[in-house]
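Visitor: Next up, my_file26.cif (mmCIF, C-alpha atoms).
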```
data_structure
#
loop_
_atom_site.label_atom_id
_atom_site.label_comp_id
_atom_site.auth_asym_id
_atom_site.auth_seq_id
_atom_site.Cartn_x
_atom_site.Cartn_y
_atom_site.Cartn_z
CA MET A 1127 110.99 77.50 103.39
CA THR A 1128 109.89 77.67 107.00
CA ARG A 1129 110.46 74.95 109.51
CA GLY A 1130 107.74 72.50 110.28
CA SER A 1131 106.63 72.43 106.65
CA ILE A 1132 106.52 68.62 106.78
CA PRO A 1133 103.95 67.48 109.34
CA ILE A 1134 104.99 64.77 111.78
CA LEU A 1135 102.12 62.56 112.92
CA ARG A 1136 102.18 60.42 115.99
CA VAL A 1137 100.33 57.10 115.90
CA GLY A 1138 100.78 55.09 119.08
CA SER A 1139 104.48 54.89 119.77
CA ASN A 1140 105.42 55.59 116.15
CA LEU A 1141 106.03 58.77 114.24
CA ILE A 1142 104.76 58.96 110.68
CA VAL A 1143 106.05 61.42 108.13
CA SER A 1144 104.93 61.73 104.54
CA VAL A 1145 107.39 63.61 102.37
CA GLN A 1146 105.38 65.37 99.68
CA ARG A 1147 107.92 67.69 98.15
CA ASP A 1148 111.51 67.64 97.09
CA LEU A 1149 113.83 67.92 100.08
CA HIS A 1150 116.08 70.82 99.17
CA ASP A 1151 119.04 71.69 101.36
CA ALA A 1152 117.26 73.99 103.77
CA ILE A 1153 114.08 71.92 104.06
CA ALA A 1154 116.09 68.72 104.46
CA GLU A 1155 117.99 70.08 107.42
CA ALA A 1156 114.90 71.50 109.07
CA PHE A 1157 113.13 68.20 108.45
CA GLN A 1158 115.92 66.23 110.09
CA GLU A 1159 116.09 68.62 113.02
CA ASP A 1160 112.31 68.55 113.55
CA LEU A 1161 112.27 64.78 113.60
CA LEU A 1162 115.13 64.39 116.03
CA VAL A 1163 113.72 67.05 118.37
CA THR A 1164 110.33 65.33 118.32
CA ILE A 1165 111.97 62.01 119.15
CA GLU A 1166 113.89 63.61 122.03
CA LYS A 1167 110.84 65.40 123.39
CA ASP A 1168 108.17 62.72 123.07
CA GLY A 1169 110.12 59.52 122.54
CA ALA A 1170 109.15 57.09 119.82
CA THR A 1171 109.98 53.46 119.18
CA GLY A 1172 109.54 53.76 115.45
CA LEU A 1173 109.77 56.29 112.67
CA LEU A 1174 108.05 55.71 109.34
CA ILE A 1175 108.99 57.91 106.38
CA ASP A 1176 106.67 57.62 103.38
CA ILE A 1177 108.28 58.77 100.14
CA SER A 1178 105.68 57.44 97.69
CA ALA A 1179 104.96 61.01 96.57
CA LEU A 1180 108.54 61.59 95.45
CA ASP A 1181 109.17 60.82 91.80
CA MET A 1182 112.77 61.98 92.06
CA VAL A 1183 115.27 61.27 94.82
CA ASP A 1184 118.83 62.39 94.19
CA SER A 1185 121.86 61.15 96.09
CA TYR A 1186 121.66 64.12 98.44
CA VAL A 1187 118.09 63.39 99.47
CA ALA A 1188 118.85 59.68 99.70
CA ARG A 1189 121.71 60.46 102.04
CA VAL A 1190 119.57 62.78 104.16
CA LEU A 1191 116.97 60.02 104.51
CA ALA A 1192 119.56 57.34 105.32
CA ASP A 1193 121.37 59.65 107.78
CA THR A 1194 118.13 60.54 109.50
CA GLY A 1195 117.51 56.83 110.00
CA ARG A 1196 120.95 56.33 111.47
CA MET A 1197 120.59 59.34 113.78
CA ALA A 1198 117.18 58.17 114.97
CA LYS A 1199 118.67 54.75 115.59
CA LEU A 1200 121.31 56.32 117.86
CA MET A 1201 118.43 57.81 119.81
CA GLY A 1202 116.76 54.41 120.07
CA THR A 1203 114.19 54.83 117.30
CA GLU A 1204 113.91 52.33 114.48
CA THR A 1205 113.31 53.85 111.02
CA VAL A 1206 111.59 52.37 108.01
CA ILE A 1207 111.33 54.06 104.63
CA VAL A 1208 108.26 53.08 102.65
CA GLY A 1209 106.76 53.51 99.21
CA MET A 1210 109.85 54.14 97.12
CA ARG A 1211 108.90 54.21 93.46
CA PRO A 1212 110.45 51.71 91.01
CA GLU A 1213 112.13 54.40 88.90
CA VAL A 1214 113.57 56.02 92.02
CA ALA A 1215 115.04 52.70 93.21
CA ALA A 1216 116.48 52.00 89.75
CA THR A 1217 118.11 55.43 89.60
CA LEU A 1218 119.64 55.17 93.08
CA VAL A 1219 121.08 51.74 92.37
CA ARG A 1220 122.40 52.91 89.01
CA MET A 1221 124.19 55.77 90.75
CA GLY A 1222 125.68 53.22 93.10
CA TYR A 1223 123.86 54.63 96.10
CA THR A 1224 122.48 51.73 98.08
CA MET A 1225 121.15 53.22 101.35
CA ALA A 1226 122.73 50.32 103.17
CA GLY A 1227 121.36 49.62 106.62
CA VAL A 1228 118.06 51.42 106.04
CA ARG A 1229 114.95 49.35 106.51
CA THR A 1230 112.38 49.51 103.74
CA ALA A 1231 108.79 48.42 103.16
CA LEU A 1232 106.34 48.51 100.28
CA ASN A 1233 103.74 50.77 101.89
CA VAL A 1234 102.63 52.32 105.16
CA ASP A 1235 100.81 49.15 106.30
CA GLU A 1236 103.86 47.00 105.73
CA GLY A 1237 106.09 49.60 107.33
CA LEU A 1238 104.00 49.60 110.51
CA ILE A 1239 104.22 45.80 110.61
CA VAL A 1240 108.02 46.03 110.34
CA LEU A 1241 108.10 48.55 113.18
CA ALA A 1242 105.74 46.48 115.35
CA ARG A 1243 107.90 43.39 114.87
CA ARG A 1244 110.98 45.38 115.88
CA GLY A 1245 109.25 46.84 118.89
CA ARG A 1246 108.41 43.42 120.24
CA LYS A 1247 111.99 42.23 120.13
CA MET B 8 101.01 54.82 61.41
CA PRO B 9 99.63 58.21 60.35
CA VAL B 10 101.37 60.11 57.57
CA VAL B 11 102.33 62.97 59.87
CA ASN B 12 104.47 60.55 61.83
CA PHE B 13 106.39 59.57 58.72
CA MET B 14 106.82 63.25 57.94
CA THR B 15 108.49 63.64 61.33
CA ARG B 16 110.33 60.32 61.14
CA LEU B 17 111.85 61.27 57.80
CA ALA B 18 112.39 64.87 58.96
CA LEU B 19 110.44 66.10 55.94
CA ASP B 20 110.06 69.78 56.62
CA GLU B 21 110.22 72.67 54.15
CA THR B 22 114.02 72.66 54.21
CA GLU B 23 114.33 68.92 53.58
CA ILE B 24 111.79 69.04 50.76
CA ALA B 25 113.64 71.95 49.15
CA SER B 26 116.91 70.04 49.48
CA ARG B 27 115.42 66.94 47.85
CA ARG B 28 113.93 69.02 45.05
CA ALA B 29 117.34 70.56 44.44
CA PHE B 30 119.05 67.17 44.37
CA PHE B 31 116.56 65.71 41.94
CA GLU B 32 117.00 68.94 39.93
CA ILE B 33 113.29 69.61 39.79
CA THR B 34 112.92 73.17 38.53
CA ALA B 35 109.91 75.44 38.27
CA GLU B 36 110.11 74.96 34.48
CA ASP B 37 109.79 71.18 34.96
CA LEU B 38 106.65 71.64 37.03
CA ALA B 39 105.20 74.21 34.62
CA ARG B 40 105.90 71.95 31.64
CA LEU B 41 104.07 69.06 33.33
CA GLU B 42 101.21 71.24 34.48
CA ALA B 43 100.66 72.30 30.87
CA LEU B 44 100.10 68.65 30.00
CA ARG B 45 97.53 68.11 32.74
CA PRO B 46 94.45 68.26 30.45
CA LEU B 47 96.05 65.66 28.21
CA ALA B 48 97.00 63.46 31.16
CA GLU B 49 93.48 63.71 32.55
CA ALA B 50 91.95 62.83 29.22
CA HIS B 51 94.00 59.65 28.92
CA SER B 52 94.12 58.72 32.59
CA VAL B 53 91.23 56.27 32.62
CA GLU B 54 92.43 54.17 29.70
CA VAL B 55 96.04 54.28 30.93
CA ILE B 56 95.01 53.12 34.38
CA ASP B 57 92.89 50.37 32.88
CA ALA B 58 95.91 49.20 30.92
CA LEU B 59 97.97 49.37 34.10
CA TYR B 60 95.58 46.97 35.78
CA GLU B 61 96.13 44.41 33.05
CA LEU B 62 99.66 44.27 34.40
CA PHE B 63 98.57 43.93 38.04
CA LEU B 64 95.90 41.37 37.35
CA GLY B 65 98.15 39.44 34.96
CA HIS B 66 100.54 38.50 37.76
CA PRO B 67 99.27 36.00 40.31
CA GLU B 68 101.25 37.65 43.12
CA SER B 69 100.08 41.20 42.45
CA ARG B 70 96.55 40.04 41.62
CA ALA B 71 96.22 38.89 45.24
CA PHE B 72 96.14 42.51 46.35
CA PHE B 73 92.95 43.14 44.38
CA PRO B 74 90.50 40.48 45.53
CA ASP B 75 87.32 41.94 44.00
CA ALA B 76 85.95 44.51 41.55
CA THR B 77 85.04 46.97 44.31
CA THR B 78 88.62 47.06 45.55
CA VAL B 79 89.90 47.48 42.01
CA ASN B 80 87.56 50.40 41.34
CA ARG B 81 88.40 52.12 44.61
CA VAL B 82 92.13 51.71 44.12
CA LYS B 83 91.92 52.82 40.49
CA LYS B 84 90.45 56.14 41.62
CA LEU B 85 93.25 56.63 44.15
CA GLN B 86 95.83 55.66 41.57
CA ARG B 87 94.44 58.19 39.11
CA GLN B 88 94.77 60.91 41.76
CA TYR B 89 98.28 59.78 42.54
CA PHE B 90 99.48 59.83 38.95
CA LEU B 91 97.76 63.11 38.12
CA GLY B 92 99.73 64.56 41.03
CA LEU B 93 102.68 64.59 38.64
CA PHE B 94 100.86 67.23 36.61
CA SER B 95 99.73 69.38 39.52
CA GLY B 96 102.52 71.90 39.03
CA VAL B 97 103.48 71.95 42.73
CA VAL B 98 105.82 69.99 44.97
CA ASP B 99 105.12 71.17 48.49
CA ILE B 100 104.42 69.69 51.93
CA ARG B 101 100.96 68.54 50.87
CA TYR B 102 102.32 66.83 47.78
CA VAL B 103 104.91 64.98 49.88
CA GLU B 104 102.31 64.00 52.50
CA ASP B 105 100.18 62.58 49.73
CA ARG B 106 103.13 60.51 48.43
CA LEU B 107 103.94 59.23 51.92
CA ARG B 108 100.33 58.24 52.52
CA VAL B 109 100.46 55.95 49.51
CA GLY B 110 103.83 54.52 50.55
CA ALA B 111 102.52 53.83 54.06
CA ALA B 112 99.36 52.20 52.69
CA HIS B 113 101.43 49.90 50.47
CA GLU B 114 103.66 48.93 53.35
CA ARG B 115 100.62 48.19 55.51
CA ILE B 116 99.04 45.80 53.03
CA GLY B 117 102.42 44.26 52.21
CA LEU B 118 102.62 45.46 48.61
CA SER B 119 106.37 45.47 48.05
CA PRO B 120 108.26 48.26 46.21
CA LYS B 121 108.73 46.15 43.06
CA TRP B 122 104.99 46.28 42.27
CA TYR B 123 104.85 49.99 42.91
CA ILE B 124 107.93 50.78 40.83
CA GLY B 125 106.92 48.41 38.02
CA ALA B 126 103.48 49.99 37.86
CA TYR B 127 104.89 53.48 37.88
CA SER B 128 107.21 52.60 35.04
CA ARG B 129 104.37 51.19 32.94
CA TYR B 130 102.13 54.15 33.69
CA LEU B 131 104.82 56.53 32.50
CA ARG B 132 105.38 54.62 29.26
CA LEU B 133 101.67 54.22 28.50
CA LEU B 134 100.95 57.88 29.14
CA PHE B 135 103.90 59.27 27.22
CA ASP B 136 103.16 57.00 24.24
CA ARG B 137 99.97 59.03 23.98
CA ILE B 138 101.61 62.36 24.73
CA PHE B 139 104.23 61.80 22.01
CA THR B 140 101.51 61.39 19.40
CA ALA B 141 99.57 64.40 20.67
CA VAL B 142 102.26 67.10 21.03
CA PRO B 143 105.42 68.00 19.03
CA THR B 144 108.32 65.65 19.71
CA ALA B 145 110.70 68.22 21.23
CA GLU B 146 108.05 69.37 23.67
CA ALA B 147 107.12 65.80 24.58
CA GLN B 148 110.77 64.88 25.11
CA ALA B 149 111.30 67.82 27.46
CA ALA B 150 108.15 66.88 29.38
CA TYR B 151 109.32 63.28 29.59
CA ARG B 152 112.63 64.34 31.10
CA SER B 153 110.77 66.47 33.66
CA ALA B 154 108.42 63.62 34.50
CA VAL B 155 111.31 61.22 35.09
CA LYS B 156 112.76 63.61 37.68
CA LEU B 157 109.50 63.86 39.56
CA VAL B 158 108.89 60.12 39.35
CA ALA B 159 112.33 59.46 40.86
CA PHE B 160 111.51 62.00 43.58
CA ASP B 161 108.27 60.14 44.32
CA MET B 162 110.00 56.75 44.39
CA ALA B 163 112.60 57.99 46.84
CA LEU B 164 109.80 59.10 49.15
CA ALA B 165 107.95 55.80 48.81
CA ILE B 166 111.07 53.75 49.50
CA ASP B 167 112.04 55.91 52.47
CA THR B 168 108.57 55.30 53.88
CA TYR B 169 108.95 51.56 53.37
CA ILE B 170 112.29 51.54 55.13
CA ALA B 171 111.07 53.68 58.03
CA ALA B 172 107.99 51.51 58.45
CA ASN B 173 110.15 48.40 58.39
CA ILE B 174 112.52 49.78 61.00
CA ASP B 175 109.52 50.54 63.20
CA THR B 176 108.28 46.99 62.76
CA VAL B 177 111.68 45.57 63.68
CA ALA B 178 111.83 47.83 66.74
CA ARG B 179 108.39 46.60 67.80
CA HIS B 180 109.51 43.01 67.44
CA GLN B 181 112.64 43.65 69.43
CA ALA B 182 110.56 45.17 72.20
CA ALA B 183 108.35 42.07 72.16
CA ILE B 184 111.39 39.80 72.36
CA ARG B 185 112.81 41.81 75.22
CA GLU B 186 109.54 41.50 77.07
CA LEU B 187 109.44 37.76 76.44
CA SER B 188 112.99 37.42 77.71
CA THR B 189 112.02 38.74 81.15
CA PRO B 190 108.80 37.00 82.06
CA VAL B 191 107.84 37.89 85.60
CA ILE B 192 105.48 35.23 86.90
CA ARG B 193 103.23 35.54 89.91
CA VAL B 194 103.61 32.22 91.71
CA TYR B 195 101.61 33.11 94.80
CA HIS B 196 99.92 36.13 96.31
CA ARG B 197 102.74 38.68 96.63
CA VAL B 198 105.40 36.23 95.46
CA LEU B 199 106.97 36.75 92.01
CA LEU B 200 109.27 34.50 90.02
CA LEU B 201 111.73 35.66 87.40
CA PRO B 202 113.35 32.75 85.56
CA LEU B 203 116.44 34.01 83.75
CA ILE B 204 117.60 32.21 80.63
CA GLY B 205 120.54 32.88 78.32
CA THR B 206 123.16 35.57 78.52
CA ILE B 207 122.85 38.63 80.71
CA ASP B 208 124.61 41.72 79.40
CA SER B 209 124.38 45.19 80.84
CA GLN B 210 121.50 46.22 78.60
CA ARG B 211 119.44 43.18 79.47
CA ALA B 212 120.30 43.52 83.15
CA GLU B 213 118.90 47.06 83.05
CA GLN B 214 115.69 45.85 81.43
CA ILE B 215 115.37 43.03 83.93
CA MET B 216 115.74 45.44 86.80
CA GLU B 217 113.25 47.95 85.42
CA MET B 218 110.69 45.30 84.58
CA LEU B 219 111.07 43.59 87.95
CA LEU B 220 110.78 46.81 89.96
CA LEU B 221 107.67 47.76 88.04
CA ARG B 222 106.05 44.40 88.71
CA VAL B 223 107.02 44.42 92.40
CA SER B 224 105.36 47.80 92.72
CA GLU B 225 102.27 46.79 90.73
CA GLU B 226 101.75 43.53 92.57
CA GLN B 227 102.96 44.92 95.90
CA ALA B 228 105.07 41.79 96.03
CA ARG B 229 106.89 40.87 99.23
CA VAL B 230 109.28 38.36 97.72
CA VAL B 231 110.93 37.92 94.33
CA LEU B 232 112.46 34.62 93.32
CA VAL B 233 115.20 35.00 90.72
CA ASP B 234 116.09 31.65 89.21
CA ILE B 235 119.45 31.60 87.41
CA ALA B 236 119.54 27.90 86.51
CA GLY B 237 119.23 28.83 82.84
CA VAL B 238 121.88 31.54 82.80
CA ALA B 239 124.79 30.54 80.59
CA VAL B 240 127.62 32.27 82.40
CA VAL B 241 127.63 33.70 85.90
CA ASP B 242 130.68 35.94 86.25
CA THR B 243 131.56 39.01 88.30
CA LYS B 244 129.49 41.27 86.05
CA VAL B 245 126.38 39.12 86.21
CA ALA B 246 126.77 38.78 89.98
CA ASP B 247 127.09 42.56 90.22
CA HIS B 248 123.90 43.03 88.18
CA LEU B 249 122.07 40.59 90.44
CA LEU B 250 123.29 42.41 93.53
CA LYS B 251 122.12 45.74 92.14
CA THR B 252 118.72 44.33 91.30
CA THR B 253 118.47 42.85 94.79
CA GLU B 254 119.31 46.20 96.35
CA ALA B 255 116.78 48.04 94.17
CA VAL B 256 114.10 45.51 95.09
CA ARG B 257 115.02 45.97 98.75
CA LEU B 258 114.62 49.75 98.42
CA LEU B 259 111.04 49.14 97.37
CA GLY B 260 110.56 47.04 100.48
CA ALA B 261 110.65 43.52 99.04
CA GLU B 262 113.13 40.68 99.35
CA THR B 263 114.95 38.70 96.70
CA ILE B 264 115.75 35.01 96.77
CA LEU B 265 118.30 33.74 94.27
CA THR B 266 117.73 30.16 93.24
CA GLY B 267 119.11 27.72 90.70
CA ILE B 268 122.65 28.01 91.97
CA SER B 269 124.57 25.02 90.69
CA PRO B 270 127.73 23.72 92.40
CA GLN B 271 129.71 25.24 89.56
CA VAL B 272 128.11 28.66 89.97
CA ALA B 273 128.64 28.49 93.75
CA ARG B 274 132.32 27.68 93.14
CA THR B 275 132.71 30.50 90.60
CA ILE B 276 131.10 33.07 92.86
CA VAL B 277 133.32 32.20 95.81
CA GLN B 278 136.47 31.96 93.69
CA LEU B 279 135.74 35.35 92.11
CA GLY B 280 135.45 36.72 95.63
CA VAL B 281 131.99 38.18 95.00
CA ASP B 282 130.09 38.80 98.18
CA ILE B 283 126.45 37.95 97.63
CA SER B 284 125.62 37.48 101.28
CA ALA B 285 123.08 40.32 100.87
CA MET B 286 120.88 37.87 98.94
CA HIS B 287 119.01 34.87 100.18
CA THR B 288 120.23 31.96 98.07
CA ARG B 289 119.02 28.44 97.48
CA SER B 290 120.14 25.76 95.11
CA ARG B 291 116.73 24.44 94.10
CA LEU B 292 113.77 26.51 92.99
CA ALA B 293 111.46 24.32 95.10
CA ASP B 294 113.38 25.27 98.24
CA GLY B 295 113.26 28.89 97.18
CA ILE B 296 109.48 28.77 96.81
CA GLU B 297 109.13 27.19 100.24
CA PHE B 298 111.34 29.89 101.73
CA ALA B 299 109.41 32.62 99.92
CA LEU B 300 106.10 31.31 101.21
CA GLY B 301 107.57 31.36 104.71
CA LEU B 302 108.32 35.06 104.26
CA VAL B 303 104.67 35.77 103.42
CA GLY B 304 103.51 33.68 106.37
CA ARG B 305 102.54 30.48 104.55
CA VAL B 306 103.85 26.96 104.92
CA ILE B 307 103.76 23.98 102.65
CA ALA B 308 102.43 21.08 104.71
CA GLU B 309 101.84 17.45 103.90
CA ALA B 310 98.24 16.63 103.23
CA ARG B 311 96.78 14.40 105.91
CA THR B 312 95.88 11.00 104.57
CA PRO B 313 92.54 9.87 105.89
#
```
In structure tokens, what does this structure look like?

Guide:
Amino acid sequence: MTRGSIPILRVGSNLIVSVQRDLHDAIAEAFQEDLLVTIEKDGATGLLIDISALDMVDSYVARVLADTGRMAKLMGTETVIVGMRPEVAATLVRMGYTMAGVRTALNVDEGLIVLARRGRK
Amino acid sequence: MPVVNFMTRLALDETEIASRRAFFEITAEDLARLEALRPLAEAHSVEVIDALYELFLGHPESRAFFPDATTVNRVKKLQRQYFLGLFSGVVDIRYVEDRLRVGAAHERIGLSPKWYIGAYSRYLRLLFDRIFTAVPTAEAQAAYRSAVKLVAFDMALAIDTYIAANIDTVARHQAAIRELSTPVIRVYHRVLLLPLIGTIDSQRAEQIMEMLLLRVSEEQARVVLVDIAGVAVVDTKVADHLLKTTEAVRLLGAETILTGISPQVARTIVQLGVDISAMHTRSRLADGIEFALGLVGRVIAEARTP
């Protein structure tokens, strides 16, 4: 899989990413790298990751998402993960993986509101 | 439920049918012997079935299944087909399907096995009374023995269908009870309430979580109130289930407020050393609702008196 396969959109001071396919090892790393480089280059106050298209999220992908959030945070960008499906949430919790510290929202609209509220503070 | 489903439910494929045939010791000679009597059986079928209906209509309970003459005539035709199946000379998938269809129909209208078995027994006696006078005794006896085997085979199928249908009914009821035990109520736009009552074991906790997550997603709820005032025992396990549910709800992007915490429950939770600081908690449901409304940007205000 080539890099840049997951488009990163910029809306105002936020970056928006919609994950449409399973994040396998190679893609996941490229995805993380792309995001962090974009943040470094252009700066962004918020990062919104929409995972509503994913009907399966294993512990590896969950960790990649949570780690990405933590890394972005270190670079001064707040992350919110939106649109997790009920069955995905149930599976993660059942596996004991809680994604502690990651902000979540129901959908893109809500996620942008969360980011805007953060930005003001 | 269609017959095919019962065929699958009872795993009635070629192998199973062959195995049943072997156990009931139904041989090709048995089937041939009965097939040879088919003309005789057909000739007597109408009068035998008429006599059978004296039995049905003579009992108040069984009479209830045949409310009018049209029903009686229709069912008589089906019954004739069913009984003549004994003399068809074959026991294959189609034969079994036919038997299951009748069993399923009886179960559906609530005609219990006793009526079916009693009727079958009378049919057999009435028919063989006539066969014994028509053919030599030895031949009739052999045919009777063959018929008994096939009748027992049929009854086993009918009863298996009854049992399978009953199990399905029970399963449906259990599903309904489970659903009733986790009523998720929409108390305000994007605010849900889940009042928990009774005991919470692991299985129920799973159901609660699944149901709640589904509703949060459907309603795009921002806040979920979980009221545990009616929960019998709140121990480490229950607290753990509640924490997991809260975390799963959070992953969707909604918040959970735990209400109905009595002084005793508060004491237990602290004494057990369970950390539930991840949840918003309130003692009274009313306070929880007020808090929830605050999270969706609404306030409860006193009405101005004019």

Visitor: Find the residues near A:Leu1191: any atom within 12 Å, counting all atoms listed in the file, skip ones fewer than 6 places away on the same chain, and give them as a ChimeraX atom specification.

Guide: /A:1143,1145,1148-1149,1154-1155,1157-1158,1161,1173-1177,1183-1185,1197-1198,1205-1208,1210,1224-1230

Visitor: What does the distance from atom CA of B:Ala171 to atom CA of B:Asp105 come to in Å, to one decimal?

Guide: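 Atom CA of B:Asp105 lies at a distance of 16.3 Å from atom CA of B:Ala171.
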
Visitor: Please evaluate the PyMOL selection byres ((chain B) within 9 of (chain A)) against the structure above and give the resulting residues as a PyMOL selection string.

Guide: chain B and resi 213+216-217+219-224+227-229+251-252+254-261

Visitor: Would you list the contacts of B:Arg289 as an MDAnalysis selection string, taking every protein, DNA or RNA residue within 6 Å and counting only C-alpha atoms, but skipping same-chain residues closer than 2 positions in sequence?

Guide: chainID B and resid 266 291 295

Visitor: For the structure shown, which residues end up in the PyMOL selection byres ((chain B and resi 35-50) around 10)? Put them as a count of residues only, please?

Guide: 35

Visitor: Can you take the partial stretch 114-128 of chain B, add N, CA and C atoms, and return it as a PDB file, keeping the file's coordinate frame?

Guide:
```pdb
ATOM      1  N   GLU B 114     102.900  49.674  52.350  1.00  0.00           N
ATOM      2  CA  GLU B 114     103.660  48.930  53.350  1.00  0.00           C
ATOM      3  C   GLU B 114     102.692  48.150  54.242  1.00  0.00           C
ATOM      4  N   ARG B 115     101.570  48.798  54.586  1.00  0.00           N
ATOM      5  CA  ARG B 115     100.620  48.190  55.510  1.00  0.00           C
ATOM      6  C   ARG B 115     100.006  46.924  54.907  1.00  0.00           C
ATOM      7  N   ILE B 116      99.660  46.988  53.624  1.00  0.00           N
ATOM      8  CA  ILE B 116      99.040  45.800  53.030  1.00  0.00           C
ATOM      9  C   ILE B 116     100.079  44.817  52.493  1.00  0.00           C
ATOM     10  N   GLY B 117     101.365  45.184  52.597  1.00  0.00           N
ATOM     11  CA  GLY B 117     102.420  44.260  52.210  1.00  0.00           C
ATOM     12  C   GLY B 117     102.713  44.267  50.715  1.00  0.00           C
ATOM     13  N   LEU B 118     102.316  45.349  50.040  1.00  0.00           N
ATOM     14  CA  LEU B 118     102.620  45.460  48.610  1.00  0.00           C
ATOM     15  C   LEU B 118     104.051  45.976  48.481  1.00  0.00           C
ATOM     16  N   SER B 119     104.951  45.124  48.002  1.00  0.00           N
ATOM     17  CA  SER B 119     106.370  45.470  48.050  1.00  0.00           C
ATOM     18  C   SER B 119     106.725  46.492  46.959  1.00  0.00           C
ATOM     19  N   PRO B 120     107.873  47.173  47.125  1.00  0.00           N
ATOM     20  CA  PRO B 120     108.260  48.260  46.210  1.00  0.00           C
ATOM     21  C   PRO B 120     108.293  47.835  44.745  1.00  0.00           C
ATOM     22  N   LYS B 121     108.607  46.543  44.472  1.00  0.00           N
ATOM     23  CA  LYS B 121     108.730  46.150  43.060  1.00  0.00           C
ATOM     24  C   LYS B 121     107.415  46.363  42.308  1.00  0.00           C
ATOM     25  N   TRP B 122     106.279  46.103  42.945  1.00  0.00           N
ATOM     26  CA  TRP B 122     104.990  46.280  42.270  1.00  0.00           C
ATOM     27  C   TRP B 122     104.720  47.754  42.013  1.00  0.00           C
ATOM     28  N   TYR B 123     105.064  48.547  43.019  1.00  0.00           N
ATOM     29  CA  TYR B 123     104.850  49.990  42.910  1.00  0.00           C
ATOM     30  C   TYR B 123     105.720  50.580  41.802  1.00  0.00           C
ATOM     31  N   ILE B 124     107.003  50.204  41.806  1.00  0.00           N
ATOM     32  CA  ILE B 124     107.930  50.780  40.830  1.00  0.00           C
ATOM     33  C   ILE B 124     107.595  50.272  39.421  1.00  0.00           C
ATOM     34  N   GLY B 125     107.285  48.982  39.333  1.00  0.00           N
ATOM     35  CA  GLY B 125     106.920  48.410  38.020  1.00  0.00           C
ATOM     36  C   GLY B 125     105.694  49.100  37.454  1.00  0.00           C
ATOM     37  N   ALA B 126     104.709  49.346  38.309  1.00  0.00           N
ATOM     38  CA  ALA B 126     103.480  49.990  37.860  1.00  0.00           C
ATOM     39  C   ALA B 126     103.738  51.424  37.433  1.00  0.00           C
ATOM     40  N   TYR B 127     104.568  52.099  38.200  1.00  0.00           N
ATOM     41  CA  TYR B 127     104.890  53.480  37.880  1.00  0.00           C
ATOM     42  C   TYR B 127     105.563  53.563  36.515  1.00  0.00           C
ATOM     43  N   SER B 128     106.475  52.632  36.299  1.00  0.00           N
ATOM     44  CA  SER B 128     107.210  52.600  35.040  1.00  0.00           C
ATOM     45  C   SER B 128     106.252  52.382  33.865  1.00  0.00           C
TER      46      SER B 128
END
```
